[in-house]
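> The structure's right below; bear with me while I get my questions together.
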Amino acid sequence: MRVVFLGAPGVGKGTQADRIAAQFKIVKISTGDVLREAVRNQTPLGREAKSFMDQGKLVPDSVVIGLVRDKLDEPGSANGFVLDGFPRTVPQAEELGKVLESKRVNLDRVVNFQVSREDIIKRLSGRRSCPKCQATFHLDFAPSKTGSACDRCGEVLVQRSDDRREAIEMRLKVYDEQTAPLIRYYSDQQLLTELDGSGAVATVFQNLSQVLEPYRTT
Ligand SMILES: [Zn+2]
């Protein structure tokens with residue numbers, strides 16, 4: 001099974017990708033993880049990526065697609081994969097298409113997770129973290145005992161600057177602008193499934209499993 005998960009920050013697609021990978025015995029490929037792993041292992045592409053990151057620049061598409069290609073070449077990916085957070089743009093999707101073509105395989109499905117803007121803002125803006133021990137909490141879903149202090153070390157919890165409402169709204173705007181053409185691209189290829197991502201994790205997982213069951217390879 002070869003699938004791509006699309007969705008704005010905060011829709012919960014990473015959590016679902018972990019569960020789907022376990023359920024269908026495929027690998028989860030998240031570009032964030034792949035990037036960190038390559039940098040840690042100091043592979044040629046990892047070193048190249050690091051030189052951009054050290055300058056505070058975005059890692060270019062050519063490097064990211066190279067990392068994804070290396071990952072797809074690993075024996076563990078033979079049974080299939082779920083791509084989480086990649087592609088983000090039409091050019092990336094076209095590059096991914098070329099890589100898959102060279103391996104003589106196709107994508108089975110692209111799932112677009114839909115959660116309302118207000119729900120996303122509620123999910124992300126409620127996050128709090130401990131500046132001392134890095135423990136994370138959520139005002140509504142996982143509050144600390146006192147609400148304001150870390151359960152583990154007692155430090156006063158803080159909100160990351162990119163979890164503030166204005167920053168989230170900006171991230172969502174950028175996401176929409178970038179991915180609207182991508183959604184059309186996969187829709188034109190009849191690969192797209194829209195999925196309601198607003199319910200409980202278990203409910204979303206159940207619906208998602210049903211969508212993907214026809215593509216099961218083991
Ligand atoms: Zn703490």
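Every chain in the structure tokens takes a letter, A first, then B, and so on in the order presented; its residues are numbered from 1, and the ligands are numbered from 1 following the presented order.
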At a cut-off of 10 Å, using only C-alpha atoms, what residues contact region 37-39 of chain A? Leave out same-chain residues fewer than 4 positions from it and give the result as number ranges by chain.
A: 31-33, 43-51, 67, 70
> Wanna dump the chain A-ligand 1 contacts at 10 Å for me, each residue with its shortest atom pair and the distance in Å to one decimal, counting only C-alpha atoms and all ligand atoms, ordered by chain and number, as a tab-separated table?

residue	atom	partner	partner_atom_place_in_ligand_line	distance
A:Ser129	CA	ligand 1	1 (Zn)	7.8
A:Cys130	CA	ligand 1	1 (Zn)	4.6
A:Pro131	CA	ligand 1	1 (Zn)	6.7
A:Lys132	CA	ligand 1	1 (Zn)	5.1
A:Cys133	CA	ligand 1	1 (Zn)	4.1
A:Gln134	CA	ligand 1	1 (Zn)	6.0
A:Ala135	CA	ligand 1	1 (Zn)	5.5
A:Thr136	CA	ligand 1	1 (Zn)	8.4
A:Ala149	CA	ligand 1	1 (Zn)	7.9
A:Cys150	CA	ligand 1	1 (Zn)	4.6
A:Asp151	CA	ligand 1	1 (Zn)	6.6
A:Arg152	CA	ligand 1	1 (Zn)	5.0
A:Cys153	CA	ligand 1	1 (Zn)	4.2
A:Gly154	CA	ligand 1	1 (Zn)	5.9
A:Glu155	CA	ligand 1	1 (Zn)	5.4
A:Val156	CA	ligand 1	1 (Zn)	7.9
A:Leu157	CA	ligand 1	1 (Zn)	7.7
> Write out as a PyMOL selection string all residues of region 54-163 of chain A that backbone DSSP assigns to strand (DSSP E).
chain A and resi 81-84+109-114+127-129+136-138
> Just write the chosen residues, N, CA and C atoms, as a PDB file, in the first residue's frame.

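File written: out31.pdb
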ATOM      1  N   PHE A  81       4.184   2.317   1.977  1.00  0.00           N
ATOM      2  CA  PHE A  81       4.529   3.449   2.844  1.00  0.00           C
ATOM      3  C   PHE A  81       3.348   4.387   2.977  1.00  0.00           C
ATOM      4  N   VAL A  82       3.402   5.175   4.034  1.00  0.00           N
ATOM      5  CA  VAL A  82       2.507   6.318   4.153  1.00  0.00           C
ATOM      6  C   VAL A  82       3.394   7.553   4.287  1.00  0.00           C
ATOM      7  N   LEU A  83       3.233   8.468   3.354  1.00  0.00           N
ATOM      8  CA  LEU A  83       4.004   9.711   3.366  1.00  0.00           C
ATOM      9  C   LEU A  83       3.228  10.755   4.162  1.00  0.00           C
ATOM     10  N   ASP A  84       3.879  11.279   5.200  1.00  0.00           N
ATOM     11  CA  ASP A  84       3.233  12.249   6.084  1.00  0.00           C
ATOM     12  C   ASP A  84       3.960  13.586   5.971  1.00  0.00           C
ATOM     13  N   ARG A 109      -3.554   5.879  -3.021  1.00  0.00           N
ATOM     14  CA  ARG A 109      -4.553   6.828  -2.540  1.00  0.00           C
ATOM     15  C   ARG A 109      -3.885   8.018  -1.862  1.00  0.00           C
ATOM     16  N   VAL A 110      -4.548   9.164  -1.955  1.00  0.00           N
ATOM     17  CA  VAL A 110      -4.125  10.373  -1.254  1.00  0.00           C
ATOM     18  C   VAL A 110      -5.294  10.783  -0.366  1.00  0.00           C
ATOM     19  N   VAL A 111      -5.050  10.856   0.926  1.00  0.00           N
ATOM     20  CA  VAL A 111      -6.124  11.202   1.862  1.00  0.00           C
ATOM     21  C   VAL A 111      -5.919  12.624   2.357  1.00  0.00           C
ATOM     22  N   ASN A 112      -6.955  13.443   2.200  1.00  0.00           N
ATOM     23  CA  ASN A 112      -6.894  14.825   2.685  1.00  0.00           C
ATOM     24  C   ASN A 112      -7.719  14.930   3.974  1.00  0.00           C
ATOM     25  N   PHE A 113      -7.026  15.188   5.094  1.00  0.00           N
ATOM     26  CA  PHE A 113      -7.699  15.290   6.397  1.00  0.00           C
ATOM     27  C   PHE A 113      -8.323  16.674   6.547  1.00  0.00           C
ATOM     28  N   GLN A 114      -9.616  16.692   6.804  1.00  0.00           N
ATOM     29  CA  GLN A 114     -10.311  17.969   6.951  1.00  0.00           C
ATOM     30  C   GLN A 114     -10.750  18.203   8.383  1.00  0.00           C
ATOM     31  N   ARG A 127      -1.947  24.280  23.312  1.00  0.00           N
ATOM     32  CA  ARG A 127      -0.730  23.570  23.713  1.00  0.00           C
ATOM     33  C   ARG A 127       0.119  24.440  24.643  1.00  0.00           C
ATOM     34  N   ARG A 128       0.664  23.787  25.684  1.00  0.00           N
ATOM     35  CA  ARG A 128       1.579  24.469  26.598  1.00  0.00           C
ATOM     36  C   ARG A 128       2.763  23.540  26.820  1.00  0.00           C
ATOM     37  N   SER A 129       3.934  24.125  26.998  1.00  0.00           N
ATOM     38  CA  SER A 129       5.082  23.265  27.263  1.00  0.00           C
ATOM     39  C   SER A 129       5.935  23.831  28.384  1.00  0.00           C
ATOM     40  N   THR A 136       4.981  18.336  27.649  1.00  0.00           N
ATOM     41  CA  THR A 136       3.935  19.074  26.939  1.00  0.00           C
ATOM     42  C   THR A 136       2.558  18.782  27.526  1.00  0.00           C
ATOM     43  N   PHE A 137       1.709  19.793  27.494  1.00  0.00           N
ATOM     44  CA  PHE A 137       0.345  19.692  28.026  1.00  0.00           C
ATOM     45  C   PHE A 137      -0.615  20.353  27.049  1.00  0.00           C
ATOM     46  N   HIS A 138      -1.920  20.211  27.334  1.00  0.00           N
ATOM     47  CA  HIS A 138      -2.926  20.905  26.532  1.00  0.00           C
ATOM     48  C   HIS A 138      -4.035  21.385  27.458  1.00  0.00           C
TER      49      HIS A 138
END
> Pull the closest atom pair for each residue of region 88-128 of chain A that gets at most 12 Å from region 179-197 of chain A, along with the distance in Å to one decimal, counting only C-alpha atoms, ordering rows by chain and then ascending residue number, as a tab-separated table.

residue	atom	partner	partner_atom	distance
A:Arg88	CA	A:Thr179	CA	6.2
A:Thr89	CA	A:Leu182	CA	5.8
A:Val90	CA	A:Leu182	CA	5.1
A:Pro91	CA	A:Leu182	CA	8.9
A:Gln92	CA	A:Leu182	CA	9.3
A:Ala93	CA	A:Leu182	CA	7.6
A:Glu94	CA	A:Tyr185	CA	9.5
A:Gly97	CA	A:Tyr186	CA	11.0
A:Asn106	CA	A:Leu191	CA	10.4
A:Leu107	CA	A:Leu191	CA	7.9
A:Asp108	CA	A:Leu191	CA	7.0
A:Arg109	CA	A:Leu191	CA	5.0
A:Val110	CA	A:Leu192	CA	4.8
A:Val111	CA	A:Thr193	CA	4.8
A:Asn112	CA	A:Glu194	CA	4.9
A:Phe113	CA	A:Leu195	CA	5.0
A:Gln114	CA	A:Asp196	CA	5.1
A:Val115	CA	A:Gly197	CA	5.3
A:Ser116	CA	A:Gly197	CA	8.9
A:Arg117	CA	A:Gly197	CA	11.7
A:Asp119	CA	A:Gly197	CA	10.1
A:Ile120	CA	A:Gly197	CA	10.3
> To test your reading of the structure, identify every residue in region 2-177 of chain A that backbone DSSP assigns to helix (DSSP H, G or I), and report it as number ranges by chain.
A: 13-24, 31-41, 44-54, 61-73, 75-77, 90-102, 117-125, 161-163, 165-177
> Would you mind telling me which residue in A:Ser125, A:Ser62, A:Glu118, A:Gly7 lies nearest to Arg165 (chain A) when using only C-alpha atoms?
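The closest residue to Arg165 (chain A) is A:Ser125.
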> With only C-alpha atoms as the atoms that count, which of A:Ile121, A:Leu208, A:Ala78, A:Ile168 lies nearest to Phe5 (chain A)?
A:Leu208
> Taking only C-alpha atoms into account, which of A:Met170, A:Leu139, A:Val204, A:Val27 comes nearest Asp73 (chain A)?
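For Asp73 (chain A), the nearest of the given residues is A:Val27.
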> CA of Pro75 (chain A) to CA of Ser30 (chain A): how many Å, to one decimal?
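The value is 16.9 Å.
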> Could you work out how far CA of Gly80 (chain A) lies from CA of Arg2 (chain A), giving the answer in Å with one decimal?
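Value for the CA of Arg2 (chain A)-CA of Gly80 (chain A) distance: 5.0 Å.
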> Using CA of Lys173 (chain A) and CA of Ala21 (chain A) as the two end points, give the distance in Å to one decimal.
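Answer for the CA of Lys173 (chain A) to CA of Ala21 (chain A) separation: 29.3 Å.
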> Out of A:Leu212, A:Leu96, A:Val105, A:Leu72, which residue has the shortest atom-to-atom distance to Lys28 (chain A) when counting only C-alpha atoms?
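That would be A:Leu72, the residue with the smallest distance to Lys28 (chain A).
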> Point out the residue among A:Leu58, A:Val34, A:Leu6, A:Leu124 with the least atom-to-atom distance to Arg160 (chain A), counting only C-alpha atoms.
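Closest to Arg160 (chain A), using only C-alpha atoms: A:Leu124.
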> Tell me which of A:Gln206, A:Val4, A:Asn41, A:Pro87 sits closest to Gln178 (chain A), counting only C-alpha atoms.
A:Pro87
